[in-house]
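Here is the structure we will look at.
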Amino acid sequence: MLSLGVAAGLLGGKASANATVLGASVAVATVTGARAEATALPAALAFSTADARGRTTTTTAFGGVTSASSGKGPGNGAICTAAFGTAEVRSGNSVTDSCTSVGFLFQRTQHDDGPIALSVKNPLDVSLVNPFGESLGDLVGVVGSVVDVPDAVHDLLGARMVPRLNSDVVRVVMDPARPRLETDIPAWLRGETRPKGR
């Protein structure tokens, strides 16, 4: 059956990509000491990009899209938009960003050492982001100044193809002092954007 796994360990990075029926995964590690792992289960896309020494990104998706990127840019961090998905970005032994999604809208997230948040995502607040981060595009630009890199590669690395649910209908933040109940709906109705990691 149709499946695709593409792994690229560049400049000493380590990458692993696995895919099953109707799944596609891409894992890219761009420097020594970086590790990227992506697993796409049926009907899924999984992207994993690690671009700095000591960074590890892992992602698994079933029936949807997940992305884990340690790069710069709006698509960095962990994104889970899947029937079931997990994504994690680590720096050394510390988790800097992680998410788990069940049924697309139900998500568990954690940013840095902050509290765990359990949320119901707003399905009307969606944006498309680039799963590769800016650094991979920069690296290909440098390589392209030495050898001919096809325009299709540049287009692919600049494509915004990962849907991200930006705001929460309701969110329970498991603060150590006491759990907090929050919502982004009033701010979303006013057109405000919730900063990632809040």
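Please note that chains go A, B, ... in the order of the structure tokens, that every chain numbers its residues from 1, and that ligands are numbered from 1 in the order shown.
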Near-A:Arg90 list (12 Å; only C-alpha atoms; drop same-chain fewer than 6 positions) as a ChimeraX atom specification: /A:34-37,48-59,68-71,77-78,96-98,110-113
What are the nearest atom pairs, with distances in Å to one decimal, for all residues of stretch 15-104 of chain A that come at most 12 Å from stretch 160-167 of chain A, using only C-alpha atoms, set out by chain and rising residue number as JSON lines?
```
{"residue": "A:Ala44", "atom": "CA", "partner": "A:Val162", "partner_atom": "CA", "distance": 11.4}
{"residue": "A:Leu45", "atom": "CA", "partner": "A:Val162", "partner_atom": "CA", "distance": 8.9}
{"residue": "A:Ala46", "atom": "CA", "partner": "A:Val162", "partner_atom": "CA", "distance": 9.4}
{"residue": "A:Phe47", "atom": "CA", "partner": "A:Val162", "partner_atom": "CA", "distance": 8.9}
{"residue": "A:Ser48", "atom": "CA", "partner": "A:Val162", "partner_atom": "CA", "distance": 11.8}
{"residue": "A:Gly64", "atom": "CA", "partner": "A:Pro163", "partner_atom": "CA", "distance": 9.4}
{"residue": "A:Val65", "atom": "CA", "partner": "A:Val162", "partner_atom": "CA", "distance": 6.6}
{"residue": "A:Thr66", "atom": "CA", "partner": "A:Val162", "partner_atom": "CA", "distance": 7.5}
{"residue": "A:Ser67", "atom": "CA", "partner": "A:Val162", "partner_atom": "CA", "distance": 7.4}
{"residue": "A:Ala68", "atom": "CA", "partner": "A:Val162", "partner_atom": "CA", "distance": 10.6}
{"residue": "A:Ser69", "atom": "CA", "partner": "A:Val162", "partner_atom": "CA", "distance": 11.7}
{"residue": "A:Gly73", "atom": "CA", "partner": "A:Arg160", "partner_atom": "CA", "distance": 11.4}
{"residue": "A:Pro74", "atom": "CA", "partner": "A:Arg160", "partner_atom": "CA", "distance": 10.1}
{"residue": "A:Gly75", "atom": "CA", "partner": "A:Val162", "partner_atom": "CA", "distance": 8.2}
{"residue": "A:Asn76", "atom": "CA", "partner": "A:Val162", "partner_atom": "CA", "distance": 11.1}
{"residue": "A:Gly77", "atom": "CA", "partner": "A:Arg164", "partner_atom": "CA", "distance": 11.2}
{"residue": "A:Ala78", "atom": "CA", "partner": "A:Arg164", "partner_atom": "CA", "distance": 9.8}
{"residue": "A:Ile79", "atom": "CA", "partner": "A:Arg164", "partner_atom": "CA", "distance": 6.4}
{"residue": "A:Cys80", "atom": "CA", "partner": "A:Arg164", "partner_atom": "CA", "distance": 7.4}
{"residue": "A:Thr81", "atom": "CA", "partner": "A:Arg164", "partner_atom": "CA", "distance": 6.5}
{"residue": "A:Ala82", "atom": "CA", "partner": "A:Pro163", "partner_atom": "CA", "distance": 9.7}
{"residue": "A:Cys99", "atom": "CA", "partner": "A:Arg164", "partner_atom": "CA", "distance": 11.8}
{"residue": "A:Ser101", "atom": "CA", "partner": "A:Leu165", "partner_atom": "CA", "distance": 10.9}
{"residue": "A:Phe104", "atom": "CA", "partner": "A:Leu165", "partner_atom": "CA", "distance": 8.9}
```
Shell around A:Leu41 at 6 Å using only C-alpha atoms, local window under 2 positions removed, as a ChimeraX atom specification: /A:19-20,23,44,61-62
Save out the residues we just selected, C-alpha atoms, as a compact mmCIF listing (two decimals), in the first residue's frame.
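Produced file out.txt, reproduced below:
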```
# COMPACT_ATOMS: atom_id res chain seq x y z
CA ALA A 19 5.21 5.24 7.64
CA THR A 20 2.39 2.73 7.29
CA GLY A 23 1.00 7.59 5.78
CA ALA A 44 -1.42 10.65 8.50
CA ALA A 61 0.30 10.80 13.84
CA PHE A 62 -2.75 8.68 13.11
```
For A:Asp175, the nearest of the candidates A:Val28, A:Ala40, A:Leu124, A:Pro115, counting only C-alpha atoms: A:Pro115
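Between atom CA of A:Gly9 and atom CA of A:Thr100 the separation is 25.7 Å.
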Identify, on the basis of only C-alpha atoms, every residue whose closest approach to A:Thr32 does not exceed 8 Å; exclude the query and any residue fewer than 5 positions from it along the same chain; express the result as a CSV table (one decimal) with N, CA and C atoms, in the first residue's frame.
```
chain,number,residue,atom,x,y,z
A,10,LEU,N,21.6,15.4,8.1
A,10,LEU,CA,22.5,16.3,7.4
A,10,LEU,C,23.6,16.8,8.4
A,11,LEU,N,24.8,16.9,7.9
A,11,LEU,CA,26.0,17.4,8.7
A,11,LEU,C,26.1,16.7,10.0
A,12,GLY,N,25.9,15.4,10.0
A,12,GLY,CA,26.1,14.5,11.2
A,12,GLY,C,24.8,14.4,12.0
A,13,GLY,N,23.7,14.9,11.7
A,13,GLY,CA,22.4,14.7,12.4
A,13,GLY,C,21.9,13.3,12.2
A,14,LYS,N,21.0,12.9,13.1
A,14,LYS,CA,20.4,11.5,13.0
A,14,LYS,C,18.9,11.7,12.8
A,52,ALA,N,19.4,22.0,15.9
A,52,ALA,CA,20.5,22.5,16.8
A,52,ALA,C,21.1,21.3,17.6
A,53,ARG,N,22.3,21.5,18.0
A,53,ARG,CA,23.0,20.4,18.8
A,53,ARG,C,22.2,20.2,20.1
```
Counting only C-alpha atoms, the option among A:Thr193, A:Ser16, A:Ser91, A:Ser25 closest to A:Leu4: A:Ser25
DSSP-assigned strand (DSSP E) members of stretch 6-91 of chain A, reported as a ChimeraX atom specification: /A:6-9,14-19,23-29,35-40,44-50,55-69,77-91
Expected file contents, prior selection, C-alpha atoms, as an mmCIF file, in the first residue's frame:
```
data_model
loop_
_atom_site.group_PDB
_atom_site.id
_atom_site.type_symbol
_atom_site.label_atom_id
_atom_site.label_comp_id
_atom_site.auth_asym_id
_atom_site.auth_seq_id
_atom_site.Cartn_x
_atom_site.Cartn_y
_atom_site.Cartn_z
ATOM 1 C CA VAL A 6 11.911 10.298 4.166
ATOM 2 C CA ALA A 7 14.783 10.721 6.622
ATOM 3 C CA ALA A 8 17.688 13.126 6.139
ATOM 4 C CA GLY A 9 20.537 13.344 8.621
ATOM 5 C CA LYS A 14 20.437 11.550 12.960
ATOM 6 C CA ALA A 15 16.981 11.095 11.445
ATOM 7 C CA SER A 16 14.445 8.266 11.325
ATOM 8 C CA ALA A 17 11.137 8.253 9.391
ATOM 9 C CA ASN A 18 8.571 5.443 9.386
ATOM 10 C CA ALA A 19 5.211 5.244 7.640
ATOM 11 C CA GLY A 23 1.001 7.585 5.778
ATOM 12 C CA ALA A 24 3.888 9.901 5.003
ATOM 13 C CA SER A 25 6.637 10.995 7.360
ATOM 14 C CA VAL A 26 9.578 13.359 7.022
ATOM 15 C CA ALA A 27 12.400 13.593 9.571
ATOM 16 C CA VAL A 28 15.307 16.020 9.158
ATOM 17 C CA ALA A 29 18.227 16.604 11.527
ATOM 18 C CA ARG A 35 17.953 13.861 16.305
ATOM 19 C CA ALA A 36 14.592 13.770 14.503
ATOM 20 C CA GLU A 37 12.068 10.905 14.517
ATOM 21 C CA ALA A 38 8.738 10.819 12.665
ATOM 22 C CA THR A 39 6.139 8.034 12.539
ATOM 23 C CA ALA A 40 3.055 8.232 10.320
ATOM 24 C CA ALA A 44 -1.421 10.651 8.499
ATOM 25 C CA LEU A 45 1.437 13.077 7.924
ATOM 26 C CA ALA A 46 4.244 13.400 10.490
ATOM 27 C CA PHE A 47 7.017 16.004 10.315
ATOM 28 C CA SER A 48 10.044 16.185 12.612
ATOM 29 C CA THR A 49 12.850 18.745 12.282
ATOM 30 C CA ALA A 50 15.801 19.158 14.667
ATOM 31 C CA ARG A 55 17.796 19.019 20.195
ATOM 32 C CA THR A 56 15.526 15.996 19.709
ATOM 33 C CA THR A 57 12.145 16.111 17.975
ATOM 34 C CA THR A 58 9.693 13.200 17.851
ATOM 35 C CA THR A 59 6.244 12.976 16.350
ATOM 36 C CA THR A 60 3.592 10.332 15.699
ATOM 37 C CA ALA A 61 0.305 10.802 13.836
ATOM 38 C CA PHE A 62 -2.749 8.679 13.111
ATOM 39 C CA GLY A 63 -5.483 10.175 10.934
ATOM 40 C CA GLY A 64 -4.187 13.725 10.683
ATOM 41 C CA VAL A 65 -1.022 15.796 10.931
ATOM 42 C CA THR A 66 1.613 16.300 13.627
ATOM 43 C CA SER A 67 4.769 18.360 13.595
ATOM 44 C CA ALA A 68 7.716 18.848 15.934
ATOM 45 C CA SER A 69 10.282 21.494 15.035
ATOM 46 C CA GLY A 77 7.424 23.648 18.649
ATOM 47 C CA ALA A 78 4.898 20.832 18.829
ATOM 48 C CA ILE A 79 1.684 20.801 16.774
ATOM 49 C CA CYS A 80 -0.948 18.054 16.993
ATOM 50 C CA THR A 81 -3.932 18.142 14.629
ATOM 51 C CA ALA A 82 -4.867 14.489 14.378
ATOM 52 C CA ALA A 83 -7.372 11.842 15.408
ATOM 53 C CA PHE A 84 -4.479 10.695 17.579
ATOM 54 C CA GLY A 85 -1.116 12.399 17.614
ATOM 55 C CA THR A 86 1.867 13.210 19.771
ATOM 56 C CA ALA A 87 4.737 15.625 19.238
ATOM 57 C CA GLU A 88 7.638 16.616 21.437
ATOM 58 C CA VAL A 89 10.638 18.936 21.243
ATOM 59 C CA ARG A 90 13.498 18.347 23.687
ATOM 60 C CA SER A 91 16.620 20.293 24.497
#
```
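Coordinates place atom CA of A:Asp168 at a distance of 8.4 Å from atom CA of A:Glu182.
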Selected residue of minimal separation from A:Val120 among A:Val31, A:Ala43, A:Val170, A:Ala177, counting only C-alpha atoms: A:Val170
